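A.B. asks: The structure follows.
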Amino acid sequence: MLYLVAFLLHCLPLAMGQYDICKSWVTTDDGPSWEFYACQPKAMRMKDYVTVRVDPAGITCGDPPERFCTHENPYLCSDECDASNPDLAHPPKLMFDSEDEGLATYWQSVTWRRYPEPLLANITLSWNKSIELTDDIVITFEYGRPTVMMLEKSLDNGRTWHPYQYYADDCMEAFSMPARRVRELSSSSANRVLCTEEYSRWAGSKKEKTVRFEVRDRFAIFAGPDLRNMGNLYTRLESAKGLRDFFTITDLRMRLLRPALGGTYVQRENLYKYFYAVSNIEVTGRCKCNLHANLCTFREGSLQCECEHNTTGQDCGKCKKSFRSRSWRAGSYLPLPNGSPNACAAAGSAFGNCECYGHSNRCSYIDFLNVVTCVSCKHNTRGQHCQHCRLGFYRNSSAELDDENVCIECNCNQIGSMHDRCNETGYCECREGATGPKCDDCLPNYYWRQGCFPNVCDDELLLCQNGGTCYQNQRCICPVGFKGVLCQQSRCEADKKDCDGAHAARGSLGTLLLTVLALQLRAWVDL
């Protein structure tokens, strides 16, 4: 009976879904013990735990009271925003409340009455905790979506910010970027920051309210359109450089740069119809616990992982005090389906004694750390138990820890990679424009010439102008009279002084030739 219970507990992770359970109690020939698995919390609505800040100061309408109108009735400006009246106020908290009976409640900015100054607003969402996105971010606007906005992310609680996605009715005009859709991305560009026009053009319909950051479409690049091949997604999250961090955030910031214009130019005579109004922001994700916890609770004003595997910390990012006989490591999605827990171990446990996996025959006791460590690890290994690979090598997944070939040389391309080190799956850290496991190939729109360089010209976007021809994507060969990277400049227009100087030089040369001919003619007559 005990063996049956152990078998059912062992199968429980599969019954509950991938990475839903951290450990189970199993019985083997050596007796009962815990068996650990990589685990992660379930996805949840992250807006229930967010704090919001809107700036600059005074951007929220209602202080002082202000009237506004809509694009549907641009000259019937009878609506009012008044912060002192609960029925007429539009504070930031209304972006996250529950809306009863379909009645939209929303935050609203002041109107664009200070034209031609731009109407700018920032909405910052903070969790004070690393979270991993699992579904689309959906922002719902009332009275029209912005014609220009940015979404930014932070991984360090707002100390530094990075672009996440650009939105504009004309990407080239607003951000000097071509418009692209997420569905056009490939597996090598799934974490590319792009500009989209899909959510910014004026459609004239009240149904066109939402702006999305498409997480599911990026997942679908690896897991298929129905997200059925999650194993491939987890494998790529583990192996593709920067992909997992791309979906990890501590903060989000919306930079609203130009409001809805109603499909026309800005009408200065009626600036009360230009403003921002946000009724809802949906963010779905899970607490990042480094695959060491399957529960995350809200305690002491912030989300906290309920850590397993003898780990501790808000993100389970370190070993407990009595379990530091080897270095902390995040759990791994691989091998499928249960992953590797990489649990912290106590001194004297199976991981805490002087086990060097056959890569060393000498140990040393470090007094002030109270640990025993292997000395002079061989076979390109390193670490307290010779369980890691030296820099420039990575773990051979098909070999056991005691195999002499457990560590394989990275063989990073010396030109395309940042250095000769690689991650645990053999992928090297590539320089800008380079790609591939060994950084020996170039991304689209780059060419190889002792390294990857961005195309100066091509057949799609960077076209040579004024009759110039593109030479191997590296430079434009310009016709006479034009210059510049894309032959976009007339030599005379670029430098009229030089042009005038050249004309004067040609005139002086002609005068000189005529003078010489006259002197020769006089000499001939004298003869």
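Identifiers in the structure tokens: chain A, B, ... in order shown; residue index from 1 per chain; ligand index from 1 in order shown.
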For Pro146 of chain A, please output as a JSON list (two decimals) with all heavy atoms, in the first residue's frame all residues within 9 Å (counting only C-alpha atoms; exclusion window: fewer than 5 positions along the same chain).
C.D. replies:
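The new file around-v3.json reads:
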[["chain", "number", "residue", "atom", "x", "y", "z"],
["A", 141, "PHE", "N", -8.83, 51.88, -23.11],
["A", 141, "PHE", "CA", -8.98, 53.34, -23.14],
["A", 141, "PHE", "C", -10.43, 53.70, -23.43],
["A", 141, "PHE", "O", -11.12, 53.02, -24.20],
["A", 141, "PHE", "CB", -8.09, 53.96, -24.21],
["A", 141, "PHE", "CG", -6.62, 53.94, -23.89],
["A", 141, "PHE", "CD1", -5.84, 52.84, -24.21],
["A", 141, "PHE", "CD2", -6.02, 55.01, -23.25],
["A", 141, "PHE", "CE1", -4.49, 52.81, -23.91],
["A", 141, "PHE", "CE2", -4.67, 54.99, -22.94],
["A", 141, "PHE", "CZ", -3.90, 53.89, -23.28],
["A", 167, "TYR", "N", 4.05, 52.29, -29.89],
["A", 167, "TYR", "CA", 2.73, 52.32, -30.53],
["A", 167, "TYR", "C", 2.56, 53.69, -31.20],
["A", 167, "TYR", "O", 2.81, 54.72, -30.57],
["A", 167, "TYR", "CB", 1.62, 52.12, -29.51],
["A", 167, "TYR", "CG", 1.71, 50.83, -28.72],
["A", 167, "TYR", "CD1", 2.53, 50.74, -27.59],
["A", 167, "TYR", "CD2", 0.98, 49.70, -29.09],
["A", 167, "TYR", "CE1", 2.62, 49.56, -26.86],
["A", 167, "TYR", "CE2", 1.06, 48.53, -28.37],
["A", 167, "TYR", "CZ", 1.88, 48.47, -27.25],
["A", 167, "TYR", "OH", 1.96, 47.29, -26.53],
["A", 168, "ALA", "N", 2.11, 53.70, -32.45],
["A", 168, "ALA", "CA", 1.92, 54.97, -33.14],
["A", 168, "ALA", "C", 1.02, 54.76, -34.36],
["A", 168, "ALA", "O", 0.96, 53.66, -34.92],
["A", 168, "ALA", "CB", 3.25, 55.58, -33.56],
["A", 169, "ASP", "N", 0.33, 55.83, -34.77],
["A", 169, "ASP", "CA", -0.42, 55.74, -36.02],
["A", 169, "ASP", "C", 0.52, 55.83, -37.22],
["A", 169, "ASP", "O", 0.17, 55.42, -38.32],
["A", 169, "ASP", "CB", -1.49, 56.83, -36.09],
["A", 169, "ASP", "CG", -0.91, 58.24, -35.92],
["A", 169, "ASP", "OD1", 0.29, 58.36, -35.55],
["A", 169, "ASP", "OD2", -1.65, 59.21, -36.15],
["A", 199, "TYR", "N", -2.75, 49.33, -33.02],
["A", 199, "TYR", "CA", -3.64, 49.78, -31.96],
["A", 199, "TYR", "C", -3.72, 51.30, -31.85],
["A", 199, "TYR", "O", -4.17, 51.81, -30.83],
["A", 199, "TYR", "CB", -3.16, 49.21, -30.61],
["A", 199, "TYR", "CG", -3.05, 47.72, -30.61],
["A", 199, "TYR", "CD1", -1.80, 47.10, -30.70],
["A", 199, "TYR", "CD2", -4.18, 46.92, -30.52],
["A", 199, "TYR", "CE1", -1.69, 45.72, -30.69],
["A", 199, "TYR", "CE2", -4.08, 45.54, -30.52],
["A", 199, "TYR", "CZ", -2.83, 44.94, -30.60],
["A", 199, "TYR", "OH", -2.72, 43.57, -30.59],
["A", 200, "SER", "N", -3.30, 52.01, -32.87],
["A", 200, "SER", "CA", -3.22, 53.46, -32.74],
["A", 200, "SER", "C", -4.02, 54.22, -33.80],
["A", 200, "SER", "O", -4.32, 55.40, -33.62],
["A", 200, "SER", "CB", -1.75, 53.91, -32.83],
["A", 200, "SER", "OG", -0.97, 53.26, -31.86],
["A", 201, "ARG", "N", -4.33, 53.57, -34.89],
["A", 201, "ARG", "CA", -5.08, 54.28, -35.94],
["A", 201, "ARG", "C", -6.53, 54.51, -35.49],
["A", 201, "ARG", "O", -7.13, 53.66, -34.85],
["A", 201, "ARG", "CB", -5.05, 53.49, -37.25],
["A", 201, "ARG", "CG", -3.64, 53.38, -37.82],
["A", 201, "ARG", "CD", -3.66, 52.74, -39.20],
["A", 201, "ARG", "NE", -2.34, 52.58, -39.75],
["A", 201, "ARG", "CZ", -1.67, 53.54, -40.37],
["A", 201, "ARG", "NH1", -2.22, 54.73, -40.51],
["A", 201, "ARG", "NH2", -0.46, 53.32, -40.85],
["A", 256, "LEU", "N", 2.30, 58.08, -22.29],
["A", 256, "LEU", "CA", 1.29, 58.57, -23.22],
["A", 256, "LEU", "C", 1.80, 59.86, -23.83],
["A", 256, "LEU", "O", 2.00, 60.86, -23.14],
["A", 256, "LEU", "CB", -0.03, 58.79, -22.49],
["A", 256, "LEU", "CG", -0.52, 57.59, -21.65],
["A", 256, "LEU", "CD1", -1.83, 57.92, -20.93],
["A", 256, "LEU", "CD2", -0.67, 56.35, -22.51],
["A", 257, "LEU", "N", 2.01, 59.85, -25.16],
["A", 257, "LEU", "CA", 2.73, 60.94, -25.82],
["A", 257, "LEU", "C", 1.84, 61.81, -26.71],
["A", 257, "LEU", "O", 2.19, 62.95, -26.99],
["A", 257, "LEU", "CB", 3.88, 60.35, -26.67],
["A", 257, "LEU", "CG", 4.87, 59.49, -25.89],
["A", 257, "LEU", "CD1", 5.91, 58.89, -26.83],
["A", 257, "LEU", "CD2", 5.55, 60.30, -24.80],
["A", 258, "ARG", "N", 0.73, 61.27, -27.19],
["A", 258, "ARG", "CA", -0.21, 62.09, -27.98],
["A", 258, "ARG", "C", -1.58, 61.44, -27.92],
["A", 258, "ARG", "O", -1.72, 60.26, -28.23],
["A", 258, "ARG", "CB", 0.25, 62.22, -29.43],
["A", 258, "ARG", "CG", -0.53, 63.29, -30.22],
["A", 258, "ARG", "CD", 0.12, 63.55, -31.56],
["A", 258, "ARG", "NE", 0.03, 62.40, -32.44],
["A", 258, "ARG", "CZ", 0.84, 62.18, -33.47],
["A", 258, "ARG", "NH1", 1.81, 63.03, -33.74],
["A", 258, "ARG", "NH2", 0.68, 61.12, -34.24],
["A", 259, "PRO", "N", -2.62, 62.18, -27.54],
["A", 259, "PRO", "CA", -3.94, 61.57, -27.36],
["A", 259, "PRO", "C", -4.62, 61.28, -28.70],
["A", 259, "PRO", "O", -4.11, 61.62, -29.77],
["A", 259, "PRO", "CB", -4.71, 62.63, -26.57],
["A", 259, "PRO", "CG", -4.06, 63.93, -26.97],
["A", 259, "PRO", "CD", -2.61, 63.61, -27.18],
["A", 260, "ALA", "N", -5.79, 60.65, -28.62],
["A", 260, "ALA", "CA", -6.58, 60.40, -29.82],
["A", 260, "ALA", "C", -6.99, 61.73, -30.45],
["A", 260, "ALA", "O", -7.40, 62.66, -29.76],
["A", 260, "ALA", "CB", -7.82, 59.57, -29.47],
["A", 261, "LEU", "N", -6.87, 61.80, -31.77],
["A", 261, "LEU", "CA", -7.19, 63.04, -32.48],
["A", 261, "LEU", "C", -8.51, 62.95, -33.23],
["A", 261, "LEU", "O", -8.91, 63.91, -33.89],
["A", 261, "LEU", "CB", -6.07, 63.38, -33.46],
["A", 261, "LEU", "CG", -4.67, 63.56, -32.86],
["A", 261, "LEU", "CD1", -3.68, 63.94, -33.94],
["A", 261, "LEU", "CD2", -4.68, 64.60, -31.75],
["A", 275, "PHE", "N", -7.74, 64.32, -24.62],
["A", 275, "PHE", "CA", -7.31, 63.92, -23.29],
["A", 275, "PHE", "C", -7.11, 62.39, -23.30],
["A", 275, "PHE", "O", -7.40, 61.72, -24.28],
["A", 275, "PHE", "CB", -8.34, 64.31, -22.23],
["A", 275, "PHE", "CG", -9.73, 63.82, -22.50],
["A", 275, "PHE", "CD1", -10.15, 62.57, -22.04],
["A", 275, "PHE", "CD2", -10.64, 64.58, -23.23],
["A", 275, "PHE", "CE1", -11.43, 62.11, -22.30],
["A", 275, "PHE", "CE2", -11.91, 64.13, -23.50],
["A", 275, "PHE", "CZ", -12.31, 62.87, -23.04],
["A", 276, "TYR", "N", -6.61, 61.86, -22.17],
["A", 276, "TYR", "CA", -6.45, 60.42, -22.01],
["A", 276, "TYR", "C", -7.45, 59.92, -20.97],
["A", 276, "TYR", "O", -7.71, 60.61, -19.97],
["A", 276, "TYR", "CB", -5.05, 60.05, -21.53],
["A", 276, "TYR", "CG", -3.93, 60.56, -22.40],
["A", 276, "TYR", "CD1", -3.12, 61.61, -21.99],
["A", 276, "TYR", "CD2", -3.67, 59.98, -23.64],
["A", 276, "TYR", "CE1", -2.08, 62.08, -22.78],
["A", 276, "TYR", "CE2", -2.63, 60.43, -24.44],
["A", 276, "TYR", "CZ", -1.84, 61.49, -24.00],
["A", 276, "TYR", "OH", -0.82, 61.94, -24.79]]
A.B. asks: Would you mind listing what lies within 9 Å of Glu80 of chain A as an mmCIF file with N, CA and C atoms, in the first residue's frame, with only C-alpha atoms counted and same-chain residues fewer than 5 positions away left out?
C.D. replies:
data_model
loop_
_atom_site.group_PDB
_atom_site.id
_atom_site.type_symbol
_atom_site.label_atom_id
_atom_site.label_comp_id
_atom_site.auth_asym_id
_atom_site.auth_seq_id
_atom_site.Cartn_x
_atom_site.Cartn_y
_atom_site.Cartn_z
ATOM 1 N N GLY A 62 -9.674 67.456 -12.724
ATOM 2 C CA GLY A 62 -10.583 67.703 -11.613
ATOM 3 C C GLY A 62 -10.122 68.699 -10.585
ATOM 4 N N PRO A 65 -11.840 72.007 -11.245
ATOM 5 C CA PRO A 65 -12.822 71.349 -12.120
ATOM 6 C C PRO A 65 -12.676 71.813 -13.562
ATOM 7 N N GLU A 66 -12.957 70.900 -14.479
ATOM 8 C CA GLU A 66 -12.741 71.180 -15.893
ATOM 9 C C GLU A 66 -13.824 70.475 -16.710
ATOM 10 N N ARG A 67 -14.311 71.159 -17.732
ATOM 11 C CA ARG A 67 -15.267 70.522 -18.634
ATOM 12 C C ARG A 67 -14.514 69.884 -19.794
ATOM 13 N N PHE A 68 -15.143 68.887 -20.414
ATOM 14 C CA PHE A 68 -14.546 68.227 -21.568
ATOM 15 C C PHE A 68 -15.654 67.715 -22.474
ATOM 16 N N CYS A 69 -15.265 67.407 -23.713
ATOM 17 C CA CYS A 69 -16.218 66.884 -24.679
ATOM 18 C C CYS A 69 -15.594 65.684 -25.366
ATOM 19 N N LEU A 88 -18.065 62.775 -10.050
ATOM 20 C CA LEU A 88 -17.438 63.409 -11.217
ATOM 21 C C LEU A 88 -15.908 63.272 -11.210
ATOM 22 N N ALA A 89 -15.354 62.612 -10.200
ATOM 23 C CA ALA A 89 -13.900 62.477 -10.087
ATOM 24 C C ALA A 89 -13.416 61.267 -10.886
#
A.B. asks: Would you pick out the contacts of segment 459-462 of chain A at 9 Å or less, using only C-alpha atoms, so that residues sharing its chain but fewer than 2 positions from it are not included, and give the list as a ChimeraX atom specification?
C.D. replies: /A:178,455-457,464,470,473,486
A.B. asks: Would you save the residues of that selection, restricted to N, CA, C and O atoms, as a PDB file, in the first residue's frame?
C.D. replies:
ATOM      1  N   PRO A 178      10.229  51.170 -38.717  1.00  0.00           N
ATOM      2  CA  PRO A 178       9.179  50.604 -39.564  1.00  0.00           C
ATOM      3  C   PRO A 178       8.151  49.884 -38.703  1.00  0.00           C
ATOM      4  O   PRO A 178       8.482  49.324 -37.654  1.00  0.00           O
ATOM      5  N   ASN A 455      23.144  46.347 -42.136  1.00  0.00           N
ATOM      6  CA  ASN A 455      23.042  46.693 -43.551  1.00  0.00           C
ATOM      7  C   ASN A 455      22.931  48.197 -43.716  1.00  0.00           C
ATOM      8  O   ASN A 455      22.136  48.859 -43.041  1.00  0.00           O
ATOM      9  N   VAL A 456      23.744  48.733 -44.587  1.00  0.00           N
ATOM     10  CA  VAL A 456      23.599  50.146 -44.953  1.00  0.00           C
ATOM     11  C   VAL A 456      22.430  50.302 -45.908  1.00  0.00           C
ATOM     12  O   VAL A 456      21.680  51.278 -45.863  1.00  0.00           O
ATOM     13  N   CYS A 457      22.231  49.299 -46.763  1.00  0.00           N
ATOM     14  CA  CYS A 457      21.141  49.330 -47.727  1.00  0.00           C
ATOM     15  C   CYS A 457      20.684  47.898 -47.985  1.00  0.00           C
ATOM     16  O   CYS A 457      21.406  46.947 -47.704  1.00  0.00           O
ATOM     17  N   CYS A 464      18.727  52.732 -51.646  1.00  0.00           N
ATOM     18  CA  CYS A 464      19.552  53.816 -52.161  1.00  0.00           C
ATOM     19  C   CYS A 464      18.676  54.748 -52.985  1.00  0.00           C
ATOM     20  O   CYS A 464      17.832  54.315 -53.770  1.00  0.00           O
ATOM     21  N   CYS A 470      22.867  49.574 -54.549  1.00  0.00           N
ATOM     22  CA  CYS A 470      23.301  48.950 -53.301  1.00  0.00           C
ATOM     23  C   CYS A 470      24.362  47.897 -53.604  1.00  0.00           C
ATOM     24  O   CYS A 470      24.130  46.985 -54.404  1.00  0.00           O
ATOM     25  N   ASN A 473      24.827  45.104 -49.724  1.00  0.00           N
ATOM     26  CA  ASN A 473      24.191  45.603 -48.500  1.00  0.00           C
ATOM     27  C   ASN A 473      25.121  46.449 -47.637  1.00  0.00           C
ATOM     28  O   ASN A 473      24.776  46.810 -46.510  1.00  0.00           O
ATOM     29  N   LEU A 486      22.773  57.070 -48.134  1.00  0.00           N
ATOM     30  CA  LEU A 486      21.798  56.522 -49.077  1.00  0.00           C
ATOM     31  C   LEU A 486      21.705  57.367 -50.346  1.00  0.00           C
ATOM     32  O   LEU A 486      20.694  57.316 -51.049  1.00  0.00           O
TER      33      LEU A 486
END
A.B. asks: May I have all residues of segment 208-338 of chain A that DSSP, computed from the backbone, assigns to strand (DSSP E or B), given as a ChimeraX atom specification?
C.D. replies: /A:210-213,248-258,277-282,284-287,292,296-299,302-305,311-312,318-319,332
A.B. asks: Show me, as a list of chain:residue names, the residues that have an atom within 10 Å of Asp217 of chain A when counting only C-alpha atoms, minus same-chain residues fewer than 5 positions from it.
C.D. replies: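 Non-adjacent residues within range: A:Asp135, A:Asp136, A:Arg181, A:Val182, A:Arg183, A:Glu184, A:Leu185, A:Ala190, A:Phe222, A:Ala223, A:Gly224, A:Pro225, A:Asp226, A:Leu227.
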A.B. asks: Which distance in Å separates atom CA of Gln267 of chain A and atom CA of Ile139 of chain A, to one decimal?
C.D. replies: 26.5 Å
A.B. asks: Just the number, please: distance in Å from atom CA of His162 of chain A to atom CA of Ser188 of chain A, one decimal.
C.D. replies: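 According to the coordinates, atom CA of His162 of chain A and atom CA of Ser188 of chain A are separated by 19.8 Å.
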A.B. asks: Which residue out of A:Gly383, A:Gly231, A:Pro116, A:Pro341 has the minimum interatomic distance to Glu269 of chain A when only C-alpha atoms are used?
C.D. replies: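 Residue with the minimum atom-to-atom distance to Glu269 of chain A: A:Pro116.
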A.B. asks: Taking into account only C-alpha atoms, which residue in the set A:Gln18, A:Ser98, A:Gln165, A:Ser24 is nearest to Ile137 of chain A?
C.D. replies: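 Checking each candidate against Ile137 of chain A, we get A:Gln165 as the closest.
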A.B. asks: Using only C-alpha atoms, which residues sit within 12 Å of Phe213 of chain A once same-chain residues fewer than 5 positions away are excluded, as a count of residues only?
C.D. replies: 32
A.B. asks: Quote the spacing between atom CA of Gln108 of chain A and atom CA of Ala277 of chain A in Å to one decimal place.
C.D. replies: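 A separation of 4.3 Å between them.
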A.B. asks: DSSP says alpha helix (DSSP H) for which residues of segment 214-311 of chain A? Put them as a VMD selection string?
C.D. replies: chain A and resid 215 to 223 230 to 239 243 to 246
A.B. asks: Do a neighbour search on Glu35 of chain A at 9 Å with only C-alpha atoms, toss out local chain neighbours closer than 4 positions, and write the hits as a list in words.
C.D. replies: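 Within the cut-off, the hits are His10, Cys22, Lys23, Ser24, Trp25 and Val26 of chain A.
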A.B. asks: Create the file for the chosen residues now, containing all heavy atoms and written as an mmCIF file, in the first residue's frame.
C.D. replies:
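Ended up saving to part-v9.cif:
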data_model
loop_
_atom_site.group_PDB
_atom_site.id
_atom_site.type_symbol
_atom_site.label_atom_id
_atom_site.label_comp_id
_atom_site.auth_asym_id
_atom_site.auth_seq_id
_atom_site.Cartn_x
_atom_site.Cartn_y
_atom_site.Cartn_z
ATOM 1 N N HIS A 10 4.149 10.378 -6.852
ATOM 2 C CA HIS A 10 5.136 10.635 -7.901
ATOM 3 C C HIS A 10 4.464 11.086 -9.190
ATOM 4 O O HIS A 10 4.997 11.909 -9.933
ATOM 5 C CB HIS A 10 5.953 9.362 -8.148
ATOM 6 C CG HIS A 10 7.021 9.554 -9.173
ATOM 7 N ND1 HIS A 10 8.202 10.202 -8.885
ATOM 8 C CD2 HIS A 10 7.093 9.192 -10.475
ATOM 9 C CE1 HIS A 10 8.960 10.240 -9.958
ATOM 10 N NE2 HIS A 10 8.315 9.635 -10.934
ATOM 11 N N CYS A 22 6.319 20.934 -5.916
ATOM 12 C CA CYS A 22 7.742 21.089 -5.622
ATOM 13 C C CYS A 22 8.399 19.806 -5.130
ATOM 14 O O CYS A 22 9.600 19.618 -5.319
ATOM 15 C CB CYS A 22 7.951 22.183 -4.577
ATOM 16 S SG CYS A 22 7.441 23.834 -5.108
ATOM 17 N N LYS A 23 7.617 18.943 -4.460
ATOM 18 C CA LYS A 23 8.212 17.733 -3.896
ATOM 19 C C LYS A 23 7.118 16.720 -3.595
ATOM 20 O O LYS A 23 5.935 17.067 -3.492
ATOM 21 C CB LYS A 23 8.963 18.067 -2.605
ATOM 22 C CG LYS A 23 8.074 18.644 -1.494
ATOM 23 C CD LYS A 23 8.897 19.051 -0.293
ATOM 24 C CE LYS A 23 8.011 19.649 0.792
ATOM 25 N NZ LYS A 23 8.781 20.104 1.962
ATOM 26 N N SER A 24 7.515 15.465 -3.486
ATOM 27 C CA SER A 24 6.594 14.410 -3.075
ATOM 28 C C SER A 24 7.359 13.395 -2.234
ATOM 29 O O SER A 24 8.588 13.254 -2.364
ATOM 30 C CB SER A 24 5.958 13.738 -4.297
ATOM 31 O OG SER A 24 6.945 13.097 -5.079
ATOM 32 N N TRP A 25 6.625 12.712 -1.376
ATOM 33 C CA TRP A 25 7.230 11.753 -0.448
ATOM 34 C C TRP A 25 7.228 10.385 -1.116
ATOM 35 O O TRP A 25 6.188 9.835 -1.445
ATOM 36 C CB TRP A 25 6.421 11.730 0.838
ATOM 37 C CG TRP A 25 6.981 10.879 1.938
ATOM 38 C CD1 TRP A 25 6.511 9.705 2.400
ATOM 39 C CD2 TRP A 25 8.122 11.186 2.747
ATOM 40 N NE1 TRP A 25 7.266 9.227 3.426
ATOM 41 C CE2 TRP A 25 8.283 10.130 3.678
ATOM 42 C CE3 TRP A 25 9.039 12.239 2.771
ATOM 43 C CZ2 TRP A 25 9.310 10.099 4.612
ATOM 44 C CZ3 TRP A 25 10.051 12.204 3.702
ATOM 45 C CH2 TRP A 25 10.189 11.149 4.608
ATOM 46 N N VAL A 26 8.415 9.847 -1.372
ATOM 47 C CA VAL A 26 8.535 8.582 -2.093
ATOM 48 C C VAL A 26 9.307 7.577 -1.250
ATOM 49 O O VAL A 26 10.079 7.940 -0.363
ATOM 50 C CB VAL A 26 9.233 8.771 -3.458
ATOM 51 C CG1 VAL A 26 8.438 9.685 -4.347
ATOM 52 C CG2 VAL A 26 10.656 9.308 -3.280
#
A.B. asks: Which one is closest to Asn290 of chain A: A:His385, A:Arg326, A:Arg268, A:Arg244? Count only C-alpha atoms.
C.D. replies: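 Going through A:His385, A:Arg326, A:Arg268, A:Arg244 one by one, the smallest distance to Asn290 of chain A is for A:Arg244.
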A.B. asks: Tell me which of A:Thr70, A:Thr147, A:Thr248, A:Ser322 sits closest to Asn270 of chain A, counting only C-alpha atoms.
C.D. replies: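 Once distances to Asn270 of chain A are computed over only C-alpha atoms, the minimum belongs to A:Thr70.
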A.B. asks: Go through A:Asn466, A:Asp458, A:Trp34, A:Arg216 and flag the residue nearest Phe482 of chain A, using only C-alpha atoms for the distances.
C.D. replies: A:Asn466
